[in-house]
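Chemist: So I've got this file, upload_28.cif, and it contains mmCIF, C-alpha atoms and all ligand atoms:
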```cif
data_my_file
loop_
_atom_site.label_atom_id
_atom_site.label_comp_id
_atom_site.auth_asym_id
_atom_site.auth_seq_id
_atom_site.Cartn_x
_atom_site.Cartn_y
_atom_site.Cartn_z
CA MET A 427 0.00 0.00 0.00
CA HIS A 428 2.80 2.36 1.00
CA LEU A 429 4.64 1.49 -2.26
CA LEU A 430 1.47 2.17 -4.28
CA ASN A 431 1.14 5.63 -2.69
CA VAL A 432 4.72 6.55 -3.59
CA LYS A 433 4.14 5.48 -7.24
CA PHE A 434 0.90 7.44 -7.36
CA VAL A 435 2.56 10.62 -6.01
CA THR A 436 5.49 10.21 -8.47
CA VAL A 437 3.08 9.92 -11.43
CA ILE A 438 1.16 13.01 -10.27
CA LEU A 439 4.42 14.96 -9.88
CA LEU A 440 5.57 13.85 -13.34
CA LEU A 441 2.26 14.93 -14.85
CA ILE A 442 2.52 18.36 -13.17
CA LEU A 443 6.11 18.71 -14.44
CA LEU A 444 5.04 17.75 -17.96
CA GLY A 445 2.21 20.28 -17.79
CA VAL A 446 4.58 23.06 -16.70
CA LEU A 447 7.08 22.11 -19.41
CA TYR A 448 4.34 22.00 -22.06
CA SER A 449 2.91 25.40 -21.16
CA TYR A 450 6.43 26.90 -21.05
CA ILE A 451 7.39 25.50 -24.48
CA PHE A 452 4.04 26.50 -25.97
CA ARG A 453 4.37 30.09 -24.71
CA ALA A 454 7.92 30.34 -26.05
CA TYR A 455 6.69 29.00 -29.39
CA ARG A 456 3.92 31.59 -29.45
CA ILE A 457 6.51 34.35 -28.89
CA VAL A 458 8.58 33.08 -31.83
CA VAL A 459 5.47 32.89 -33.98
CA SER A 460 4.46 36.39 -33.03
CA PHE A 461 7.89 37.74 -34.03
CA GLU A 462 7.69 35.94 -37.37
CA GLN A 463 4.24 37.28 -37.99
CA LYS A 464 5.45 40.82 -37.30
CA ASP A 465 7.98 40.42 -40.06
CA LYS A 466 5.22 39.31 -42.36
CA ILE A 467 3.03 42.38 -41.90
CA PRO A 468 1.08 42.87 -45.14
CA VAL A 469 2.66 45.44 -47.45
CA ASP A 470 -0.18 47.91 -47.10
CA ARG A 471 0.39 48.15 -43.33
CA PRO A 472 3.70 49.90 -42.56
CA ALA A 473 6.16 48.02 -40.35
CA PRO A 474 7.50 49.95 -37.36
CA HIS A 475 10.77 50.67 -39.17
CA ALA A 476 9.06 51.78 -42.42
CA ASP A 477 10.31 54.88 -44.20
CA PHE A 478 7.34 57.22 -44.17
CA ARG A 479 8.80 59.68 -46.67
CA ALA A 480 6.82 59.91 -49.86
CA HIS A 481 8.65 58.60 -52.89
CA ASP A 482 7.90 61.79 -54.77
CA SER A 483 7.79 64.69 -52.38
CA SER A 484 8.07 67.40 -55.01
CA LEU A 485 5.39 70.08 -55.13
CA VAL A 486 4.70 70.51 -58.82
CA VAL A 487 1.87 72.85 -59.72
CA PRO A 488 0.07 72.72 -63.08
CA ASP A 489 1.21 75.46 -65.41
CA HIS A 490 -0.72 78.74 -65.38
CA LEU A 491 -2.86 77.94 -62.35
CA GLN A 492 -4.43 81.21 -61.23
CA TYR A 493 -4.58 82.16 -57.54
CA GLU A 494 -4.16 85.16 -55.27
CA GLN A 495 -0.63 86.52 -54.89
CA PRO A 496 0.95 85.34 -51.63
CA SER A 497 3.00 87.62 -49.39
CA ILE A 498 5.65 87.12 -46.70
CA VAL A 499 4.51 90.22 -44.82
CA LYS A 500 1.16 91.44 -43.55
CA GLY A 501 1.40 95.08 -42.51
CA ASN A 502 4.35 95.10 -40.11
CA ASP A 503 3.91 91.42 -39.25
CA VAL A 504 5.71 88.58 -40.94
CA VAL A 505 3.96 85.65 -42.61
CA THR A 506 5.62 82.33 -41.73
CA VAL A 507 4.01 79.91 -44.16
CA THR A 508 3.29 79.95 -47.90
CA PRO A 509 -0.08 78.92 -49.41
CA TRP A 510 1.49 75.53 -50.28
CA LEU A 511 2.50 75.17 -46.61
CA ALA A 512 6.23 75.71 -46.89
CA PRO A 513 7.73 77.47 -43.88
CA VAL A 514 9.06 81.00 -44.40
CA VAL A 515 12.13 81.29 -42.19
CA TRP A 516 12.41 84.46 -40.14
CA GLU A 517 14.26 85.18 -36.92
CA GLY A 518 12.08 83.90 -34.04
CA THR A 519 10.47 81.05 -35.99
CA PHE A 520 13.04 78.38 -35.05
CA ASN A 521 15.20 77.17 -32.21
CA PRO A 522 18.81 76.88 -33.46
CA VAL A 523 19.95 74.65 -30.59
CA LEU A 524 17.09 72.21 -31.19
CA LEU A 525 17.63 72.12 -34.96
CA ASP A 526 21.40 71.67 -34.66
CA SER A 527 20.92 68.80 -32.24
CA ILE A 528 18.58 67.10 -34.72
CA TYR A 529 20.96 67.47 -37.67
CA ARG A 530 24.31 66.87 -35.90
CA PRO A 531 23.90 63.08 -35.50
CA LYS A 532 22.99 62.81 -39.19
CA ASN A 533 26.62 63.64 -40.00
CA ILE A 534 25.65 65.66 -43.08
CA THR A 535 27.92 67.39 -45.59
CA ILE A 536 26.89 70.75 -46.97
CA ALA A 537 28.48 72.10 -50.15
CA ALA A 538 28.54 75.77 -51.08
CA THR A 539 29.40 77.04 -54.55
CA VAL A 540 30.71 80.49 -55.27
CA PHE A 541 32.02 82.04 -58.50
CA ALA A 542 34.83 84.59 -58.48
CA VAL A 543 35.66 85.37 -62.08
CA GLY A 544 37.59 88.45 -63.27
CA LYS A 545 37.52 91.32 -60.83
CA TYR A 546 34.99 89.56 -58.59
CA ILE A 547 37.95 87.73 -57.04
CA MET A 548 38.30 90.80 -54.80
CA PHE A 549 35.14 89.76 -52.89
CA LEU A 550 36.27 86.23 -52.15
CA ARG A 551 38.29 86.74 -48.96
CA ASN A 552 35.48 88.53 -47.18
CA PHE A 553 32.98 85.93 -48.33
CA LEU A 554 35.13 83.02 -47.10
CA GLU A 555 36.16 84.61 -43.81
CA THR A 556 32.61 85.53 -42.85
CA ALA A 557 31.34 82.09 -43.95
CA GLU A 558 33.74 80.61 -41.39
CA GLN A 559 32.09 82.69 -38.69
CA HIS A 560 28.43 82.17 -39.60
CA PHE A 561 27.70 79.53 -42.27
CA PHE A 562 26.87 76.11 -40.78
CA VAL A 563 29.36 76.53 -37.96
CA GLY A 564 30.20 73.14 -36.44
CA PHE A 565 29.11 71.19 -39.54
CA ARG A 566 31.04 69.60 -42.40
CA VAL A 567 31.15 72.25 -45.13
CA HIS A 568 32.88 71.99 -48.52
CA VAL A 569 33.20 75.31 -50.33
CA TYR A 570 33.76 75.08 -54.10
CA VAL A 571 35.30 78.22 -55.59
CA PHE A 572 35.05 78.57 -59.38
CA THR A 573 37.57 81.04 -60.68
CA ASP A 574 39.73 81.98 -63.64
CA GLN A 575 42.56 82.92 -61.23
CA PRO A 576 43.20 79.93 -58.97
CA LYS A 577 46.47 81.43 -57.70
CA GLU A 578 44.63 84.45 -56.33
CA VAL A 579 42.33 82.42 -54.10
CA PRO A 580 43.09 83.61 -50.55
CA MET A 581 44.25 81.03 -48.03
CA VAL A 582 41.59 81.40 -45.38
CA LYS A 583 42.00 79.39 -42.19
CA MET A 584 39.14 76.91 -41.96
CA ALA A 585 37.89 74.97 -38.95
CA ALA A 586 38.20 71.18 -38.74
CA GLY A 587 35.80 69.42 -41.10
CA ARG A 588 35.62 72.41 -43.44
CA GLN A 589 37.41 72.49 -46.78
CA LEU A 590 37.97 74.78 -49.72
CA MET A 591 38.13 73.35 -53.24
CA VAL A 592 39.14 75.42 -56.26
CA ARG A 593 37.91 74.74 -59.80
CA SER A 594 39.27 76.52 -62.84
CA VAL A 595 36.82 78.14 -65.21
CA PRO A 596 37.44 80.30 -68.29
CA SER A 597 37.10 84.08 -68.04
CA SER A 598 34.51 85.83 -70.13
CA LYS A 599 33.97 89.15 -71.78
CA ARG A 600 30.32 89.29 -70.74
CA TRP A 601 29.17 89.32 -67.09
CA GLN A 602 25.81 87.93 -68.21
CA GLU A 603 27.53 84.81 -69.44
CA ILE A 604 29.54 84.34 -66.22
CA SER A 605 26.40 84.68 -64.17
CA ALA A 606 24.29 82.45 -66.42
CA ARG A 607 26.81 79.65 -66.94
CA ARG A 608 26.82 78.98 -63.20
CA MET A 609 23.86 76.62 -63.66
CA GLU A 610 25.79 74.48 -66.12
CA MET A 611 28.91 74.38 -63.95
CA ILE A 612 27.02 73.51 -60.80
CA GLN A 613 25.20 70.74 -62.67
CA THR A 614 28.55 69.34 -63.85
CA LEU A 615 30.10 69.63 -60.37
CA ILE A 616 27.22 67.66 -58.87
CA GLU A 617 27.46 64.97 -61.55
CA GLU A 618 31.25 64.65 -61.47
CA LYS A 619 32.04 65.09 -57.82
CA LEU A 620 29.31 65.58 -55.29
CA PHE A 621 26.83 62.74 -55.79
CA LYS A 622 28.46 60.37 -53.36
CA SER A 623 29.76 62.80 -50.76
CA THR A 624 27.25 65.61 -50.29
CA ASP A 625 23.77 65.91 -48.81
CA TYR A 626 22.83 69.56 -49.29
CA ILE A 627 24.15 72.33 -51.51
CA PHE A 628 23.79 76.12 -51.50
CA CYS A 629 24.76 78.27 -54.48
CA LEU A 630 25.78 81.77 -53.44
CA ASP A 631 26.91 85.11 -54.92
CA VAL A 632 30.50 86.06 -54.07
CA ASP A 633 29.94 89.80 -53.78
CA SER A 634 28.29 89.20 -50.43
CA LYS A 635 29.19 88.48 -46.85
CA PHE A 636 27.72 86.81 -43.80
CA HIS A 637 26.73 88.86 -40.75
CA GLY A 638 24.66 86.37 -38.77
CA ARG A 639 23.82 82.72 -38.40
CA TRP A 640 22.95 80.77 -41.57
CA GLY A 641 22.54 77.19 -40.44
CA THR A 642 20.38 74.08 -40.18
CA GLU A 643 17.15 76.09 -40.18
CA SER A 644 17.77 76.68 -43.89
CA LEU A 645 17.94 72.99 -44.81
CA GLY A 646 15.17 71.62 -46.98
CA ARG A 647 14.42 69.70 -50.14
CA LEU A 648 14.29 72.80 -52.36
CA VAL A 649 15.17 76.16 -50.83
CA ALA A 650 14.71 79.66 -52.26
CA VAL A 651 15.40 83.11 -50.84
CA VAL A 652 12.92 85.97 -51.33
CA HIS A 653 14.65 88.93 -52.97
CA PRO A 654 14.94 91.93 -50.62
CA GLY A 655 14.02 94.39 -53.36
CA TYR A 656 10.54 93.22 -54.31
CA TYR A 657 8.76 91.50 -51.44
CA ARG A 658 6.29 94.34 -50.91
CA ASP A 659 5.52 94.74 -54.62
CA LYS A 660 2.65 93.48 -56.74
CA ARG A 661 3.73 90.50 -58.80
CA SER A 662 3.05 92.33 -62.06
CA ARG A 663 6.01 94.56 -61.08
CA PHE A 664 8.47 91.72 -60.42
CA PRO A 665 11.39 91.76 -62.89
CA TYR A 666 10.48 88.31 -64.29
CA GLU A 667 11.14 87.62 -67.96
CA ARG A 668 8.07 89.06 -69.72
CA ARG A 669 8.62 87.97 -73.34
CA PRO A 670 6.48 84.89 -74.07
CA ALA A 671 9.13 83.67 -76.51
CA SER A 672 11.49 82.92 -73.60
CA ARG A 673 11.28 79.71 -71.59
CA ALA A 674 11.61 81.91 -68.48
CA TYR A 675 8.39 83.80 -69.28
CA ILE A 676 5.97 84.48 -66.44
CA ALA A 677 2.71 86.37 -67.10
CA PRO A 678 1.85 89.51 -65.05
CA GLU A 679 -0.83 87.67 -63.04
CA GLU A 680 1.47 84.72 -62.27
CA GLY A 681 4.32 84.01 -59.82
CA ASP A 682 4.56 83.77 -56.05
CA PHE A 683 7.60 85.77 -54.97
CA TYR A 684 10.64 87.20 -56.71
CA TYR A 685 13.48 84.91 -55.67
CA CYS A 686 17.21 85.73 -55.64
CA GLY A 687 19.58 84.22 -58.16
CA GLY A 688 22.30 84.93 -55.59
CA ALA A 689 21.25 82.24 -53.09
CA PHE A 690 19.34 79.00 -53.54
CA GLY A 691 19.86 75.41 -52.51
CA GLY A 692 18.46 72.21 -51.12
CA LEU A 693 19.04 68.50 -51.36
CA LEU A 694 21.71 67.62 -53.91
CA GLN A 695 19.32 65.71 -56.21
CA GLU A 696 16.84 68.60 -56.23
CA VAL A 697 19.44 71.23 -57.01
CA HIS A 698 20.79 68.95 -59.72
CA LEU A 699 17.38 68.85 -61.36
CA LEU A 700 16.98 72.61 -60.98
CA THR A 701 20.38 73.46 -62.51
CA LYS A 702 19.92 70.94 -65.30
CA THR A 703 16.48 72.34 -66.18
CA CYS A 704 17.52 76.00 -65.97
CA ARG A 705 20.64 75.32 -68.03
CA ALA A 706 18.65 73.47 -70.72
CA ASN A 707 16.07 76.28 -70.90
CA PHE A 708 18.77 78.96 -70.97
CA GLU A 709 20.57 77.17 -73.81
CA ALA A 710 17.38 76.52 -75.78
CA ASP A 711 16.56 80.24 -75.49
CA ALA A 712 20.08 81.10 -76.64
CA GLN A 713 19.56 78.94 -79.77
CA GLU A 714 16.69 81.29 -80.57
CA ASP A 715 18.72 84.42 -79.71
CA ILE A 716 16.88 85.16 -76.49
CA GLU A 717 18.57 85.97 -73.21
CA ALA A 718 16.18 86.27 -70.28
CA ALA A 719 16.04 89.65 -68.53
CA TRP A 720 18.06 88.46 -65.51
CA GLN A 721 19.69 85.41 -67.05
CA GLU A 722 19.70 82.41 -64.70
CA GLU A 723 17.75 84.34 -62.07
CA SER A 724 14.82 84.57 -64.52
CA HIS A 725 15.01 80.83 -65.25
CA LEU A 726 15.27 80.07 -61.53
CA ASN A 727 12.11 82.10 -60.87
CA ARG A 728 10.29 80.28 -63.66
CA TYR A 729 11.39 76.92 -62.24
CA MET A 730 10.24 77.82 -58.72
CA TRP A 731 6.86 78.98 -60.03
CA THR A 732 6.10 75.42 -61.15
CA ASN A 733 8.27 73.52 -58.65
CA LYS A 734 7.37 75.09 -55.32
CA PRO A 735 10.25 75.38 -52.86
CA SER A 736 9.79 73.28 -49.73
CA LYS A 737 11.34 76.03 -47.64
CA VAL A 738 11.38 79.77 -48.27
CA LEU A 739 14.07 81.91 -46.64
CA SER A 740 13.10 85.48 -45.79
CA PRO A 741 15.22 88.41 -47.07
CA GLU A 742 17.28 88.09 -43.85
CA TYR A 743 19.15 85.49 -45.94
CA LEU A 744 20.11 87.92 -48.70
CA TRP A 745 19.83 91.60 -47.94
CA GLN A 746 21.59 94.39 -49.80
CA ASP A 747 24.04 96.66 -47.97
CA PHE A 748 22.79 99.76 -49.76
CA LYS A 749 19.25 99.23 -48.44
CA ALA A 750 18.15 100.50 -45.03
CA LYS A 751 16.86 97.69 -42.78
CA ASN A 752 13.06 97.38 -42.87
CA PRO A 753 11.20 97.00 -39.53
CA GLU A 754 10.42 93.30 -40.08
CA ILE A 755 14.10 92.50 -40.59
CA GLN A 756 15.39 91.68 -37.10
CA ILE A 757 18.69 90.28 -38.28
CA ILE A 758 20.66 90.42 -41.51
CA ARG A 759 22.40 87.08 -42.02
CA PHE A 760 23.89 87.49 -45.50
CA SER A 761 23.98 90.56 -47.71
CA GLY A 762 25.29 91.82 -51.01
CA VAL A 763 28.06 94.40 -50.63
CA VAL A 764 27.87 97.78 -52.34
CA LYS A 765 29.75 97.60 -55.63
CA ASN A 766 30.51 99.79 -58.58
CA TYR A 767 29.28 97.74 -61.54
CA ALA A 768 31.15 99.88 -64.09
CA GLU A 769 34.44 99.15 -62.31
CA ILE A 770 34.14 95.44 -61.71
CA ARG A 771 32.20 93.97 -64.63
CA PRO A 772 34.00 93.10 -67.87
CA ASN A 773 31.23 94.82 -69.86
CA VAL A 774 28.48 97.32 -68.99
C1 LIG A 801 21.65 89.58 -59.43
C2 LIG A 801 21.72 88.31 -58.62
C3 LIG A 801 22.72 87.39 -59.24
C4 LIG A 801 22.34 87.08 -60.67
C5 LIG A 801 22.19 88.38 -61.44
C6 LIG A 801 21.55 88.14 -62.79
C7 LIG A 801 21.25 88.49 -56.23
C8 LIG A 801 21.67 89.11 -54.98
N1 LIG A 801 22.08 88.69 -57.27
O1 LIG A 801 22.88 90.23 -59.09
O2 LIG A 801 22.79 86.17 -58.52
O3 LIG A 801 21.15 86.34 -60.68
O4 LIG A 801 21.34 89.29 -60.79
O5 LIG A 801 22.45 87.60 -63.68
O6 LIG A 801 20.25 87.82 -56.29
N2 LIG A 801 30.34 86.99 -61.41
C9 LIG A 801 31.73 86.88 -61.48
N3 LIG A 801 32.40 87.74 -62.31
C10 LIG A 801 31.77 88.67 -63.07
C11 LIG A 801 30.36 88.76 -62.99
C12 LIG A 801 29.67 87.90 -62.13
O7 LIG A 801 32.35 86.06 -60.82
O8 LIG A 801 32.44 89.43 -63.79
C13 LIG A 801 29.62 86.03 -60.52
C14 LIG A 801 29.78 86.42 -59.06
O9 LIG A 801 29.74 85.25 -58.27
C15 LIG A 801 28.57 87.27 -58.78
C16 LIG A 801 27.52 86.56 -59.63
O10 LIG A 801 28.22 86.09 -60.78
O11 LIG A 801 28.26 87.28 -57.41
C17 LIG A 801 26.32 87.42 -60.05
O12 LIG A 801 26.75 88.57 -60.72
P1 LIG A 801 26.43 90.02 -60.14
O13 LIG A 801 26.65 90.02 -58.68
O14 LIG A 801 27.13 91.04 -60.92
O15 LIG A 801 24.90 90.10 -60.44
P2 LIG A 801 23.85 91.17 -59.83
O16 LIG A 801 24.50 92.04 -58.82
O17 LIG A 801 23.14 91.85 -60.94
#
```
Any chance you could put this one into structure tokens?

Modeler:
Amino acid sequence: MHLLNVKFVTVILLLILLGVLYSYIFRAYRIVVSFEQKDKIPVDRPAPHADFRAHDSSLVVPDHLQYEQPSIVKGNDVVTVTPWLAPVVWEGTFNPVLLDSIYRPKNITIAATVFAVGKYIMFLRNFLETAEQHFFVGFRVHVYVFTDQPKEVPMVKMAAGRQLMVRSVPSSKRWQEISARRMEMIQTLIEEKLFKSTDYIFCLDVDSKFHGRWGTESLGRLVAVVHPGYYRDKRSRFPYERRPASRAYIAPEEGDFYYCGGAFGGLLQEVHLLTKTCRANFEADAQEDIEAAWQEESHLNRYMWTNKPSKVLSPEYLWQDFKAKNPEIQIIRFSGVVKNYAEIRPNV
């Protein structure tokens, strides 16, 4: 009897042990299954690591769509968003510490292009020295100088991670050609050199200098700067190309803002498309003996009318030294220096 009891208790204990083992193994199996199922989430339901960026994030508007002219000011107030919901960057609209801390871990490289051909070489030192003080300080910056006088490029001390690259270009007898051919040369630079190494690019005028921060707040897919001379004007008064025969033509009731040819930028691929398009249109016009009123600036404005910039920089990002500061301008970050055109241009 005693022996029977011991056997009975052993069987019960074994059964309990088996039960515990079974439920443990089954639970573990369920965990494995649930992981596998997660990996097999149907394609129309995004997995947790999915890239939510749209494949085509460009903002292309049908040609000749009619709508009310937008403005970046309202009385003495500033407007901080465009009608297509792109931010307009003004002092006070962003936190530089926050933005820098978002972009720093991304380890990005920003290229800047600047042309110093003929007498414009005289502006280069000031441009480079002030860029060191204000342009993407603390980030990896590669400045590409295009010049016909490589030996005259000043040796400016640059911080760690920042580099100056010089590219030789021919001189020209016409300032219009120097200005306009920038699109072609930037396109070629991107294709030949930058595709693998650069994230963002800004294309800037050399006869300018930095006075204040120009940093991560300016980064975007396609970035344009509103020209300081026309942002309170009616669009019919903007100096767009007005001859319908030109590919840069914009009708009096069309256009958003007048953008600067002296500063634009964005993601490398976007600026590549922009320069390629503007170059092709400029050259096709030239075949028909047409040169747009403000050369590449006219083509840039035509491009931005159809391809809306994803970020618009206020005129803080390109002021003109000869202009008094307007009340809405709290800080001038970059501005064109006063120059005597007759003295510095190869032709008048
Ligand atoms: C405006 C634009 C400029 C361009 C031009 C129309 C701004 C502030 N400026 O300025 O970008 O769109 O209209 O063509 O938006 N350059 C030389 N050597 C020369 C002539 C020009 O290197 O002999 C280069 C230089 O980088 C200069 C740029 O081309 O900054 C534009 O020329 P500009 O400054 O004479 O043009 P500007 O003042 O009419």

Chemist: Please check which protein, DNA or RNA residues sit within 8 Å of ligand LIG 801 (chain A), counting all atoms listed in the file, and write them as a PyMOL selection string.

Modeler: chain A and resi 540-547+573+598+600-602+604-606+608+630-634+653+685-689+720-724+744-746+761-762+767+770-772

Chemist: From the set A:Thr624, A:Gln713, A:Ser736, A:Ser484, which residue has the shortest atom-to-atom contact distance to Ser672 in chain A, counting all atoms listed in the file?

Modeler: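 Of A:Thr624, A:Gln713, A:Ser736, A:Ser484, the one nearest Ser672 in chain A, counting all atoms listed in the file, is A:Gln713.
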
Chemist: Mind pulling up the distance from CA of Ala750 in chain A to CA of Val499 in chain A?

Modeler: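 Answer for the CA of Val499 in chain A to CA of Ala750 in chain A separation: 17.1 Å.
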
Chemist: Which residues are close to Pro678 in chain A, i.e. within 8 Å by only C-alpha atoms, leaving aside same-chain residues fewer than 4 positions away? Reply as a list in words.

Modeler: Arg661, Ser662, Arg663 and Arg668 of chain A

Chemist: Rounded to one decimal place, report the CA of Gln613 in chain A-CA of Leu694 in chain A distance in Å.

Modeler: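 Answer for the CA of Gln613 in chain A to CA of Leu694 in chain A separation: 9.9 Å.
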
Chemist: Let me know the centre plus edge lengths, in Å and rounded to one decimal, of a box with edges along x, y and z that contains all listed atoms of range 691-705 of chain A and is padded by 5 Å on every side, as JSON.

Modeler:
```
{"center_x": 19.1, "center_y": 70.9, "center_z": -59.6, "size_x": 15.2, "size_y": 20.3, "size_z": 26.9}
```

Chemist: Looking at A:Leu615, A:Val763, A:Val567, A:Val738, which one is nearest to Ile534 in chain A, with distances taken over all atoms listed in the file?

Modeler: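 Of A:Leu615, A:Val763, A:Val567, A:Val738, the one nearest Ile534 in chain A is A:Val567, counting all atoms listed in the file.
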
Chemist: Which value, in Å to one decimal, gives the distance between CA of Gln575 in chain A and CA of Leu550 in chain A?

Modeler: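 CA of Gln575 in chain A sits 11.5 Å away from CA of Leu550 in chain A.
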
Chemist: Counting all atoms listed in the file, which residue out of A:Ala710, A:Leu511, A:Leu700, A:Leu525 sits closest to Tyr729 in chain A?

Modeler: A:Leu700

Chemist: Compile the contact shell of Leu648 in chain A as a list in words: residues with an atom at most 9 Å away, counting all atoms listed in the file, same-chain residues fewer than 4 positions apart removed.

Modeler: Ser484, Phe690, Gly691, Gly692, Leu693, Glu696, Val697, Asn733, Lys734, Pro735, Ser736, Lys737 and Val738 of chain A

Chemist: Using all atoms listed in the file, can you tell me which of A:Pro596, A:Thr701, A:Ser527, A:Thr642 comes closest to Ile612 in chain A?

Modeler: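 Checking each candidate against Ile612 in chain A, we get A:Thr701 as the closest.
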
Chemist: Given the choices A:Thr732, A:Ser740, A:Gln589, A:Thr508, which gets closest to Val652 in chain A if the distance is worked out from all atoms listed in the file?

Modeler: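 Nearest candidate to Val652 in chain A out of A:Thr732, A:Ser740, A:Gln589, A:Thr508: A:Ser740.
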
Chemist: Would you kindly return, as a list in words, each protein, DNA or RNA residue with an atom no farther than 7 Å from any atom of Cys704 in chain A, considering only C-alpha atoms and excluding same-chain residues fewer than 2 positions away?

Modeler: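 Skipping anything fewer than 2 positions along the chain leaves Met609, Leu700, Thr701, Lys702, Ala706, Asn707, Phe708, Glu722, His725 and Leu726 of chain A.
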